[in-house]
Amino acid sequence: MKTDVEIAQEAQMLPIKEVAQTIGLDEDDLELYGKYKAKISMEAISKLQSRKDGKLVLVTAINPTSAGEGKTTTMIGLAQAMNYIGKKTVVAMREPSLGPCFGVKGGAAGGGYAQVVPMEDINLHFTGDIHAITAAHNLISAMLDNSIHQGNPLDIDVRTIVWKRVVDLNDRALRHITVGLGGKANGVPREDGFDITVASEIMAILCLANDLMDLKARVAKIIVAYNTKGEPVTVDDLQATGAVTILLKDAIKPNLVQTLDHTPVFVHGGPFANIAHGCNSVMATKLAMKLGDYALTEAGFGADLGAEKFLDIKCRYAGLKPDAVVLVATIRALKMHGGLDKKNLNTEDLVALEKGIGNLTKHIENIQKYHLPLIVAINAFPTDTPSELALLDKKCQEMGVHVAISDVWVKGAEGGVALAKELVQLIETEPSQYQPLYDLDLSIEEKLNKIATEIYGAEGVVFDKKAKRALRQLKKLGMDSLPVCVAKTQYSLSDDQKLLGRPEGFTITITDLIPCAGAGFVVALAGDIMRMPGLPKVPAANHMDILEDGTIIGLF
């Protein structure tokens with residue numbers, strides 16, 4: 001079969017104006033970025049507010065292998081299949097980050113015959129949203145250091161600066177650095193560091209904001225440091241709010257593109273789910289619901305990360321009530337969770353598969369805690385055997401869970417028809433009773449314990465000394481009533497990536513708590529998670545090139 005990029009390059013795309021027309025948008029509603037990409041104007045978004053909402057479906061997954069389990073591919077193929085059977089469907093998904101694109105995981109535009117195009121543009125610079133977020137974030141950094149250099153009028157204690165710089169690449173050498181060297185003219189020397197852009201609070205704010213003024217109000221509240229009295233210093237204190245918002249005035253507008261078969265897709269915002277809240281923008285999701293009878297959206301990595309944050313943070317703040325959840329699983333990942341070596345995942349092993357199904361079972365139980373209708377989508381691989389597929393189907397039936405095989409990577413829309421029909425029936429027969437996992441009036445410790453014990457299956461939470469100090473600070477700041485956003489490994493239900501399957505008898509260690517006053521949640525760092533990834537020994541970038549005629553090769 002052809003590579004993803006070859007399939008994408010052969011696609012016969014429609015002008016984006018024609019795609020927009022299929023969902024009731026005209027040319028005046030669009031801000032064109034070439035022939036095949038557009039942003040939706042704020043005026044168009046405003047005039048759609050009175051429309052009835054379509055059904056909202058969340059696509060999530062089990063804990064993945066390092067290559068991912070095709071959650072985005074399944075969602076795109078499912079949307080294509082929904083339209084194929086006559087159900088008007090629109091997708092809302094995240095923008096890819098350049099970090100994993102050039103690293104190991106690859107892009108985030110789907111794959112095979114279930115892709116969003118123009119694939120190269122989406123995976124690279126796209127419409128410049130992530131670059132705008134990088135610039136906005138680093139403008140705050142520059143103004144913060146300049147304030148200290150210019151006499152420190154805000155009395156900032158340089159030892160308490162919490163605002164790092166960002167870049168949208170995997171670059172481990174930037175995790176811990178020193179700035180301000182080279183003499184008095186070059187600023188005040190201090191320790192600093194970089195996070196990846198998608199971990200920036202600016203990204204979280206853009207994805208949770210309802211409009212430009214809401215974004216501006218949230219940016220103003222960002223805590224960047226503390227003064228010598230221990231009081232927070234904000235972006236508003238730096239008088240940077242207006243300038244930062246100006247840099248984001250276009251980035252806040254959702255981007256419209258299309259699948260290989262011209263299904264409309266909003267691609268907007270890109271926080272990782274292992275180090276941030278893992279969901280596309282509220283504005284894009286609501287737009288998809290206004291323009292489609294069904295809106296499909298995703299949340300990053302396994303349901304213990306993206307889905308939990310979607311259901312406990314995004315839905316709570318945005319007033320969303322999802323109608324169903326699609327939980328993506330693969331035979332290969334379940335065999336890995338059953339103890340099979342990664343080198344042997346393409347060989348039949350019913351014993352490992354049955355053991356690994358415990359991971360799937362736990363995710364099913366977790367979704368049920370939110371009182372949501374659920375269907376398991378088995379993302380088919382050519383190496384799956386009939387015996388393995390039959391065993392997984394049987395186990396899902398025994399759990400009383402709807403299940404369907406998805407073969408969209410090879411067959412596109414036709415490969416998702418069974419899943420699409422099953423999903424429509426599920427939504428029509430089982431009404432959603434969605435409710436968040438925890439109440440906001442619980443303490444930070446109580447919220448984390450509830451997530452750890454009920455979602456991860458842990459025995460409890462342990463706070464190290466730094467986290468305990470942060471807890472006291474959060475209570476002092478009055479931020480104890482915010483939702484919590486756990487940053488932990490995506491490969492395990494625990495905070496140890498080596499504990500696969502459905503681990504038991506473990507605890508979650510919280511190493512730090514970061515107040516995100518603008519985003520409206522507290523980030524809890526668990527285990528050894530880092531917010532700046534590194535490149536693998538052989539980065540994907542090594543195999544990429546561009547030919548004389550502009551054709552890109554090696555991009556998946």
# chains A, B, ... in the order shown; residues from 1 in each chain; ligands from 1
call {"tool": "select_by_dssp", "arguments": {"residues": "range 157-262 of chain A", "states": "strand (DSSP E or B)", "output": "ChimeraX atom specification"}}
result
/A:165-167,177-179,190-192,194-196,223-227,232-234,255-259
call {"tool": "residues_around", "arguments": {"residues": "range 461-475 of chain A", "least_positions_apart": "5", "cutoff": "7 Å", "atoms": "only C-alpha atoms", "output": "ChimeraX atom specification"}}
result
/A:449,452,480,507-513
call {"tool": "write_last_selection", "arguments": {"atoms": "N, CA, C and O atoms", "output": "mmCIF file, in the first residue's frame"}}
result
data_model
loop_
_atom_site.group_PDB
_atom_site.id
_atom_site.type_symbol
_atom_site.label_atom_id
_atom_site.label_comp_id
_atom_site.auth_asym_id
_atom_site.auth_seq_id
_atom_site.Cartn_x
_atom_site.Cartn_y
_atom_site.Cartn_z
ATOM 1 N N ASN A 449 -6.762 12.327 44.416
ATOM 2 C CA ASN A 449 -6.989 10.979 44.929
ATOM 3 C C ASN A 449 -8.139 10.295 44.194
ATOM 4 O O ASN A 449 -8.089 9.096 43.915
ATOM 5 N N ALA A 452 -6.819 9.352 40.744
ATOM 6 C CA ALA A 452 -5.826 8.280 40.854
ATOM 7 C C ALA A 452 -6.478 6.940 41.192
ATOM 8 O O ALA A 452 -6.145 5.911 40.593
ATOM 9 N N ASP A 480 -7.761 26.403 45.210
ATOM 10 C CA ASP A 480 -8.050 25.038 45.620
ATOM 11 C C ASP A 480 -9.308 24.492 44.951
ATOM 12 O O ASP A 480 -9.522 23.281 44.916
ATOM 13 N N THR A 507 1.012 3.529 43.668
ATOM 14 C CA THR A 507 0.586 4.874 44.049
ATOM 15 C C THR A 507 1.061 5.861 42.987
ATOM 16 O O THR A 507 1.972 5.563 42.221
ATOM 17 N N ILE A 508 0.422 7.007 42.940
ATOM 18 C CA ILE A 508 0.799 8.079 42.026
ATOM 19 C C ILE A 508 1.590 9.115 42.810
ATOM 20 O O ILE A 508 1.110 9.632 43.830
ATOM 21 N N THR A 509 2.813 9.419 42.349
ATOM 22 C CA THR A 509 3.648 10.402 43.028
ATOM 23 C C THR A 509 3.540 11.745 42.324
ATOM 24 O O THR A 509 3.861 11.866 41.137
ATOM 25 N N ILE A 510 3.081 12.754 43.051
ATOM 26 C CA ILE A 510 2.966 14.110 42.515
ATOM 27 C C ILE A 510 4.230 14.867 42.896
ATOM 28 O O ILE A 510 4.539 15.030 44.075
ATOM 29 N N THR A 511 4.969 15.331 41.867
ATOM 30 C CA THR A 511 6.243 15.997 42.120
ATOM 31 C C THR A 511 6.126 17.519 42.157
ATOM 32 O O THR A 511 6.983 18.191 42.708
ATOM 33 N N ASP A 512 5.065 18.064 41.558
ATOM 34 C CA ASP A 512 4.875 19.516 41.578
ATOM 35 C C ASP A 512 3.450 19.830 41.166
ATOM 36 O O ASP A 512 2.762 19.008 40.527
ATOM 37 N N LEU A 513 2.996 21.008 41.539
ATOM 38 C CA LEU A 513 1.674 21.502 41.171
ATOM 39 C C LEU A 513 1.833 22.910 40.617
ATOM 40 O O LEU A 513 2.416 23.777 41.277
#
call {"tool": "closest_residue", "arguments": {"among": "A:Asn123, A:Asn346, A:Gln9, A:Gln425", "to": "Val267 in chain A", "atoms": "only C-alpha atoms"}}
result
A:Asn123
call {"tool": "residues_around", "arguments": {"residues": "Leu340 in chain A", "least_positions_apart": "5", "cutoff": "10 Å", "atoms": "only C-alpha atoms", "output": "list of chain:residue names"}}
result
A:Arg332, A:Ala333, A:Leu334, A:Lys335, A:Leu345, A:Thr347, A:Asp349, A:Val351, A:Ala352, A:Leu353, A:Lys355, A:Gly356
call {"tool": "closest_residue", "arguments": {"among": "A:Thr197, A:Asp312, A:Ala185, A:Ile133", "to": "Ile246 in chain A", "atoms": "only C-alpha atoms"}}
result
A:Ile133
call {"tool": "residues_around", "arguments": {"residues": "range 291-300 of chain A", "least_positions_apart": "6", "cutoff": "6 Å", "atoms": "only C-alpha atoms", "output": "list in words"}}
result
Ile23, Gly54, Lys55, Leu56, Val57, Leu58, Val59, Thr60, Lys88, Thr89, Val90, Val91, Ala92, Met93, Ala273, Gly278, Cys279, Gly306 and Ala307 of chain A
call {"tool": "write_last_selection", "arguments": {"atoms": "C-alpha atoms", "output": "mmCIF file, in the first residue's frame"}}
result
data_model
loop_
_atom_site.group_PDB
_atom_site.id
_atom_site.type_symbol
_atom_site.label_atom_id
_atom_site.label_comp_id
_atom_site.auth_asym_id
_atom_site.auth_seq_id
_atom_site.Cartn_x
_atom_site.Cartn_y
_atom_site.Cartn_z
ATOM 1 C CA ILE A 23 -22.235 22.952 5.820
ATOM 2 C CA GLY A 54 -25.791 18.394 16.813
ATOM 3 C CA LYS A 55 -24.828 15.254 18.725
ATOM 4 C CA LEU A 56 -21.320 15.309 20.239
ATOM 5 C CA VAL A 57 -19.161 12.170 20.117
ATOM 6 C CA LEU A 58 -15.780 11.819 21.835
ATOM 7 C CA VAL A 59 -13.188 9.486 20.287
ATOM 8 C CA THR A 60 -10.587 8.197 22.743
ATOM 9 C CA LYS A 88 -24.227 14.986 8.234
ATOM 10 C CA THR A 89 -21.006 14.916 10.266
ATOM 11 C CA VAL A 90 -18.298 17.478 10.999
ATOM 12 C CA VAL A 91 -14.973 16.842 12.764
ATOM 13 C CA ALA A 92 -13.160 18.990 15.332
ATOM 14 C CA MET A 93 -9.577 17.917 16.031
ATOM 15 C CA ALA A 273 -2.767 15.098 26.710
ATOM 16 C CA GLY A 278 -5.215 17.276 25.294
ATOM 17 C CA CYS A 279 -8.293 18.708 23.568
ATOM 18 C CA GLY A 306 -7.340 12.995 27.183
ATOM 19 C CA ALA A 307 -10.838 11.676 27.901
#
call {"tool": "residues_around", "arguments": {"residues": "Met479 in chain A", "least_positions_apart": "6", "cutoff": "8 Å", "atoms": "only C-alpha atoms", "output": "PyMOL selection string"}}
result
chain A and resi 515+517+522
call {"tool": "select_by_dssp", "arguments": {"residues": "range 55-112 of chain A", "states": "helix (DSSP H, G or I)", "output": "list in words"}}
result
Lys71, Thr72, Thr73, Thr74, Met75, Ile76, Gly77, Leu78, Ala79, Gln80, Ala81, Met82, Asn83, Tyr84, Leu98, Gly99, Pro100, Cys101 and Phe102 of chain A
call {"tool": "closest_residue", "arguments": {"among": "A:Gly86, A:Gly518, A:Pro483, A:Gly527", "to": "Ile222 in chain A", "atoms": "only C-alpha atoms"}}
result
A:Gly518
call {"tool": "closest_atom_pairs", "arguments": {"of": "range 34-98 of chain A", "to": "range 398-409 of chain A", "cutoff": "10 Å", "atoms": "only C-alpha atoms", "output": "JSON lines"}}
result
{"residue": "A:Gly70", "atom": "CA", "partner": "A:Trp409", "partner_atom": "CA", "distance": 8.6}
{"residue": "A:Thr73", "atom": "CA", "partner": "A:Trp409", "partner_atom": "CA", "distance": 6.8}
{"residue": "A:Thr74", "atom": "CA", "partner": "A:Val408", "partner_atom": "CA", "distance": 6.6}
{"residue": "A:Met75", "atom": "CA", "partner": "A:Val408", "partner_atom": "CA", "distance": 9.3}
{"residue": "A:Ile76", "atom": "CA", "partner": "A:Val408", "partner_atom": "CA", "distance": 8.4}
{"residue": "A:Gly77", "atom": "CA", "partner": "A:Val408", "partner_atom": "CA", "distance": 5.1}
{"residue": "A:Leu78", "atom": "CA", "partner": "A:Val408", "partner_atom": "CA", "distance": 7.5}
{"residue": "A:Gln80", "atom": "CA", "partner": "A:Val408", "partner_atom": "CA", "distance": 9.0}
{"residue": "A:Ala81", "atom": "CA", "partner": "A:Val408", "partner_atom": "CA", "distance": 8.6}
call {"tool": "write_last_selection", "arguments": {"atoms": "N, CA and C atoms", "output": "CSV table (one decimal), in the first residue's frame"}}
result
chain,number,residue,atom,x,y,z
A,70,GLY,N,-4.0,4.7,16.2
A,70,GLY,CA,-4.9,5.1,15.2
A,70,GLY,C,-6.2,5.7,15.6
A,73,THR,N,-7.0,8.5,13.1
A,73,THR,CA,-7.4,7.8,11.8
A,73,THR,C,-8.8,7.2,11.9
A,74,THR,N,-9.1,6.6,13.1
A,74,THR,CA,-10.4,6.0,13.3
A,74,THR,C,-11.5,7.1,13.3
A,75,MET,N,-11.2,8.2,14.0
A,75,MET,CA,-12.2,9.3,14.0
A,75,MET,C,-12.4,9.9,12.6
A,76,ILE,N,-11.4,10.1,11.9
A,76,ILE,CA,-11.5,10.7,10.5
A,76,ILE,C,-12.3,9.7,9.6
A,77,GLY,N,-11.9,8.4,9.7
A,77,GLY,CA,-12.6,7.4,8.9
A,77,GLY,C,-14.1,7.2,9.3
A,78,LEU,N,-14.3,7.3,10.6
A,78,LEU,CA,-15.7,7.2,11.1
A,78,LEU,C,-16.5,8.4,10.6
A,80,GLN,N,-16.0,10.1,7.8
A,80,GLN,CA,-16.2,9.8,6.4
A,80,GLN,C,-17.4,8.8,6.2
A,81,ALA,N,-17.4,7.8,7.1
A,81,ALA,CA,-18.4,6.7,7.0
A,81,ALA,C,-19.8,7.3,7.4
call {"tool": "residues_around", "arguments": {"residues": "range 99-105 of chain A", "least_positions_apart": "6", "cutoff": "12 Å", "atoms": "only C-alpha atoms", "output": "count of residues only"}}
result
48
call {"tool": "closest_residue", "arguments": {"among": "A:Leu392, A:Leu25, A:Leu256, A:Val188", "to": "Ser147 in chain A", "atoms": "only C-alpha atoms"}}
result
A:Val188
call {"tool": "closest_residue", "arguments": {"among": "A:Asn274, A:Thr160, A:Asn344, A:Asn366", "to": "Thr453 in chain A", "atoms": "only C-alpha atoms"}}
result
A:Asn366
call {"tool": "closest_residue", "arguments": {"among": "A:Asp237, A:Glu504, A:Asp211, A:Asp29", "to": "Lys47 in chain A", "atoms": "only C-alpha atoms"}}
result
A:Asp29
call {"tool": "atom_distance", "arguments": {"atom1": "CA of Asp53 in chain A", "atom2": "CA of Gln21 in chain A"}}
result
18.4 Å
call {"tool": "residues_around", "arguments": {"residues": "range 492-501 of chain A", "least_positions_apart": "5", "cutoff": "7 Å", "atoms": "only C-alpha atoms", "output": "PDB file with all heavy atoms, in the first residue's frame"}}
result
ATOM      1  N   ASN A  63      -4.436   2.772  26.430  1.00  0.00           N
ATOM      2  CA  ASN A  63      -3.051   3.239  26.501  1.00  0.00           C
ATOM      3  C   ASN A  63      -2.292   2.730  25.282  1.00  0.00           C
ATOM      4  O   ASN A  63      -2.310   1.528  24.984  1.00  0.00           O
ATOM      5  CB  ASN A  63      -2.373   2.748  27.776  1.00  0.00           C
ATOM      6  CG  ASN A  63      -2.978   3.368  29.013  1.00  0.00           C
ATOM      7  OD1 ASN A  63      -3.788   2.738  29.685  1.00  0.00           O
ATOM      8  ND2 ASN A  63      -2.599   4.593  29.311  1.00  0.00           N
ATOM      9  N   ASP A 304      -7.424   7.570  30.056  1.00  0.00           N
ATOM     10  CA  ASP A 304      -6.997   8.022  31.384  1.00  0.00           C
ATOM     11  C   ASP A 304      -6.437   9.437  31.336  1.00  0.00           C
ATOM     12  O   ASP A 304      -6.402  10.132  32.359  1.00  0.00           O
ATOM     13  CB  ASP A 304      -5.944   7.080  31.971  1.00  0.00           C
ATOM     14  CG  ASP A 304      -4.749   6.878  31.033  1.00  0.00           C
ATOM     15  OD1 ASP A 304      -4.958   6.746  29.813  1.00  0.00           O
ATOM     16  OD2 ASP A 304      -3.594   6.849  31.535  1.00  0.00           O
ATOM     17  N   HIS A 337       0.139  -4.966  26.166  1.00  0.00           N
ATOM     18  CA  HIS A 337      -0.296  -4.854  27.563  1.00  0.00           C
ATOM     19  C   HIS A 337      -0.382  -6.223  28.241  1.00  0.00           C
ATOM     20  O   HIS A 337      -0.357  -6.310  29.469  1.00  0.00           O
ATOM     21  CB  HIS A 337      -1.647  -4.144  27.636  1.00  0.00           C
ATOM     22  CG  HIS A 337      -1.547  -2.660  27.470  1.00  0.00           C
ATOM     23  ND1 HIS A 337      -0.943  -1.849  28.401  1.00  0.00           N
ATOM     24  CD2 HIS A 337      -1.958  -1.844  26.467  1.00  0.00           C
ATOM     25  CE1 HIS A 337      -0.993  -0.591  27.985  1.00  0.00           C
ATOM     26  NE2 HIS A 337      -1.596  -0.560  26.814  1.00  0.00           N
ATOM     27  N   GLY A 338      -0.454  -7.267  27.433  1.00  0.00           N
ATOM     28  CA  GLY A 338      -0.470  -8.621  27.981  1.00  0.00           C
ATOM     29  C   GLY A 338       0.906  -9.221  28.156  1.00  0.00           C
ATOM     30  O   GLY A 338       1.039 -10.398  28.505  1.00  0.00           O
ATOM     31  N   GLY A 356      -4.017  -8.885  28.126  1.00  0.00           N
ATOM     32  CA  GLY A 356      -3.955  -7.439  27.876  1.00  0.00           C
ATOM     33  C   GLY A 356      -5.305  -6.770  27.820  1.00  0.00           C
ATOM     34  O   GLY A 356      -5.400  -5.542  27.955  1.00  0.00           O
ATOM     35  N   GLY A 358      -7.337  -6.588  29.932  1.00  0.00           N
ATOM     36  CA  GLY A 358      -7.556  -5.903  31.211  1.00  0.00           C
ATOM     37  C   GLY A 358      -7.403  -4.398  31.082  1.00  0.00           C
ATOM     38  O   GLY A 358      -8.113  -3.628  31.761  1.00  0.00           O
ATOM     39  N   ASN A 359      -6.490  -3.957  30.215  1.00  0.00           N
ATOM     40  CA  ASN A 359      -6.321  -2.514  30.005  1.00  0.00           C
ATOM     41  C   ASN A 359      -7.568  -1.918  29.379  1.00  0.00           C
ATOM     42  O   ASN A 359      -8.062  -0.866  29.804  1.00  0.00           O
ATOM     43  CB  ASN A 359      -5.097  -2.258  29.117  1.00  0.00           C
ATOM     44  CG  ASN A 359      -4.789  -0.779  28.956  1.00  0.00           C
ATOM     45  OD1 ASN A 359      -5.255  -0.134  28.022  1.00  0.00           O
ATOM     46  ND2 ASN A 359      -3.994  -0.231  29.863  1.00  0.00           N
ATOM     47  N   TYR A 456      -7.147   5.694  37.383  1.00  0.00           N
ATOM     48  CA  TYR A 456      -5.896   4.956  37.169  1.00  0.00           C
ATOM     49  C   TYR A 456      -5.894   3.589  37.850  1.00  0.00           C
ATOM     50  O   TYR A 456      -5.148   2.702  37.448  1.00  0.00           O
ATOM     51  CB  TYR A 456      -4.695   5.763  37.685  1.00  0.00           C
ATOM     52  CG  TYR A 456      -4.586   7.166  37.161  1.00  0.00           C
ATOM     53  CD1 TYR A 456      -3.945   8.159  37.903  1.00  0.00           C
ATOM     54  CD2 TYR A 456      -5.126   7.525  35.931  1.00  0.00           C
ATOM     55  CE1 TYR A 456      -3.844   9.466  37.433  1.00  0.00           C
ATOM     56  CE2 TYR A 456      -5.036   8.820  35.453  1.00  0.00           C
ATOM     57  CZ  TYR A 456      -4.393   9.788  36.209  1.00  0.00           C
ATOM     58  OH  TYR A 456      -4.302  11.080  35.749  1.00  0.00           O
ATOM     59  N   ILE A 508       0.422   7.007  42.940  1.00  0.00           N
ATOM     60  CA  ILE A 508       0.799   8.079  42.026  1.00  0.00           C
ATOM     61  C   ILE A 508       1.590   9.115  42.810  1.00  0.00           C
ATOM     62  O   ILE A 508       1.110   9.632  43.830  1.00  0.00           O
ATOM     63  CB  ILE A 508      -0.443   8.745  41.391  1.00  0.00           C
ATOM     64  CG1 ILE A 508      -1.218   7.732  40.550  1.00  0.00           C
ATOM     65  CG2 ILE A 508      -0.042   9.961  40.559  1.00  0.00           C
ATOM     66  CD1 ILE A 508      -0.518   7.264  39.309  1.00  0.00           C
ATOM     67  N   ALA A 526       3.151  14.220  37.544  1.00  0.00           N
ATOM     68  CA  ALA A 526       3.203  12.906  38.171  1.00  0.00           C
ATOM     69  C   ALA A 526       4.393  12.116  37.659  1.00  0.00           C
ATOM     70  O   ALA A 526       4.670  12.094  36.462  1.00  0.00           O
ATOM     71  CB  ALA A 526       1.911  12.138  37.901  1.00  0.00           C
ATOM     72  N   GLY A 527       5.095  11.473  38.564  1.00  0.00           N
ATOM     73  CA  GLY A 527       6.252  10.678  38.177  1.00  0.00           C
ATOM     74  C   GLY A 527       7.349  11.541  37.596  1.00  0.00           C
ATOM     75  O   GLY A 527       7.596  12.659  38.056  1.00  0.00           O
TER      76      GLY A 527
END
